[in-house]
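Undergrad: Let me give you the structure first, and then I'll get to my questions.
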Amino acid sequence: SIAHTFALLQSARSWSVLLPPSPTASSDMPRKRARATESVVVKPESVADEAAVATKRSNKSRRKQAASPPSATGPFPTHRSPSEAEARAVHQALSLLHPEVIEELSKPKQEEGGCGSRHLVLDALVGTILSQNTTDVQSHRSFAALKQAFPTWEMVRTSPPAAIEAVIKSCGLAETKTARVQAILQLLHDERGECSLEHLREASDEAVKRVLGSYKGVGAKTISCVLMFCLKRFDFPVDTHVWKIALALNWVPKAATRDQTYEHLNAKVPDEIKYALHVLLVKHGKVYKNDVKTLRETLRHCEAGGEELPGEDAPPSEPTAVKQEVKPEAVD
């Protein structure tokens with residue numbers, strides 16, 4: 001009930017109940033894999049070195065499709081929305097509309113949750129690649145089947161592509177996803193001598209973005225999911241639902257691309273509500289087909305000081321702002 005949700009929100013001393021564990025907590029950091037054997041491959045001496053290599057590779061392969069370069073003002077320096085107050089107001093309204101999300105976020109996190117939430121960085125990256133252009137159910141099913149058939153990433157790297165494609169076919173675009181995953185694994189093997197990304201836990205956000213962004217098929221949303229869900233960083237992934245709702249709320253200009261929306265909102269949304277607001281927006285987008293009519297009504301009610309939503313027992317009003325059904329988002 002709404003009253004129960006208010007009690008939950010008021011009982012928390014801060015919004016930290018809605019946040020993922022701190023990235024500095026030692027219990028969240030898995031021990032680095034020991035090197036099985038010495039490799040003749042010359043490895044980068046530091047994460048910074050690897051990031052430099054990745055930057056050169058990225059500049060060549062992604063020049064045509066790169067998003068706007070990071071800057072102090074972002075892609076829309078004159079677009080003021082959302083203000084911190086606006087972001088917090090939408091967070092509160094969505095918490096009232098979807099109290100089950102607040103309840104779920106208060107529980108201990110499970111290993112196989114949303115995209116990017118797996119414990120190992122490489123697992124999170126591959127899981128998010130498999131989630132592109134498909135449903136969560138199908139991507140989780142494909143990832144589980146992949147790990148069962150090929151217990152190690154070295155086995156995935158060296159197996160015939162057709163064998164991988166057969167295992168992950170339920171998530172769609174199996175040939176494309178197999179090629180991209182195996183290419184990433186081969187690069188890791190060539191550059192580091194092992195199929196692992198655990199060294200990125202020590203890297204800065206920008207270094208992580210440069211390294212992951214240098215891989216073909218890994219875009220801003222995939223990287224942001226790994227940062228937020230796996231590495232527990234303050235980042236704000238923008239999927240199709242978040243993008244469409246941001247457009248409807250005028251949080252970005254009407255011509256904003258999804259990557260531009262990510263860059264703009266990642267700088268605007270307060271760190272401590274990024275995790276919860278992302279999950280709430282995705283939930284709202286799925287339930288209301290990215291329509292914001294009910295959200296706006298709830299915002300007005302909250303501004304008026306109401307403690308319960310009007311007609312909360314009534315079915316949700318029909319969406320009007322967004323008529324078309326949103327298709328699964330394309331592969332990055």
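Labels used: A, B, ... for chains in the order of the structure tokens, numbers from 1 for residues in each chain, and numbers from 1 for ligands as shown.
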Got a sec: who's within 9 Å of segment 140-148 of chain A, counting only C-alpha atoms, leaving out chain neighbours fewer than 2 positions off, as a list of chain:residue names?
TA: A:Glu112, A:Gly113, A:Gly114, A:Cys115, A:Asp123, A:Val126, A:Gly127, A:Leu130, A:Ser131, A:Thr135, A:Asp136, A:Val137, A:Gln138, A:Phe150, A:Pro151, A:Thr152, A:Trp153, A:Val156, A:Ile164, A:Val167, A:Ile168, A:Lys169, A:Ser170, A:Cys171
Undergrad: Any idea what's packed within 8 Å of segment 244-247 of chain A, counting only C-alpha atoms, ignoring anything in its chain fewer than 6 positions away? Could you give it as a ChimeraX atom specification?
TA: /A:253-254,256,261,281,285,290-292
Undergrad: Residues at most 8 Å from Val282 of chain A, counting only C-alpha atoms, excluding those fewer than 5 positions away in the same chain, as JSON, numbers by chain?
TA: {"A": [239, 241, 242]}
Undergrad: Based on the selection just made, write N, CA, C and O atoms of those residues as a PDB file, in the first residue's frame.
TA:
ATOM      1  N   ASP A 239      18.286   3.231 -21.067  1.00  0.00           N
ATOM      2  CA  ASP A 239      17.773   2.291 -22.059  1.00  0.00           C
ATOM      3  C   ASP A 239      16.621   2.963 -22.800  1.00  0.00           C
ATOM      4  O   ASP A 239      16.381   4.169 -22.650  1.00  0.00           O
ATOM      5  N   HIS A 241      13.377   2.757 -22.373  1.00  0.00           N
ATOM      6  CA  HIS A 241      12.348   3.291 -21.484  1.00  0.00           C
ATOM      7  C   HIS A 241      12.777   4.616 -20.858  1.00  0.00           C
ATOM      8  O   HIS A 241      12.014   5.586 -20.846  1.00  0.00           O
ATOM      9  N   VAL A 242      13.974   4.654 -20.324  1.00  0.00           N
ATOM     10  CA  VAL A 242      14.473   5.884 -19.705  1.00  0.00           C
ATOM     11  C   VAL A 242      14.544   7.002 -20.739  1.00  0.00           C
ATOM     12  O   VAL A 242      14.173   8.152 -20.471  1.00  0.00           O
TER      13      VAL A 242
END
Undergrad: Apply DSSP to the backbone of this structure and, from segment 67-261 of chain A, keep only the residues in alpha helix (DSSP H); write these as number ranges by chain.
TA: A: 84-97, 99-105, 121-131, 136-149, 153-158, 161-167, 174-192, 205-213, 220-225, 240-248, 258-261
Undergrad: Of the candidates A:His284, A:Pro108, A:Ala267, A:Arg157, which one gets nearest to Ser196 of chain A if we count only C-alpha atoms?
TA: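 Once distances to Ser196 of chain A are computed over only C-alpha atoms, the minimum belongs to A:Arg157.
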Undergrad: To one decimal place, how far is atom CA of Tyr275 of chain A from atom CA of Tyr215 of chain A in Å?
TA: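 The value is 24.9 Å.
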Undergrad: Give me, please, the distance in Å between atom CA of Val269 of chain A and atom CA of Leu227 of chain A, quoted to one decimal.
TA: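 It comes out at 15.7 Å.
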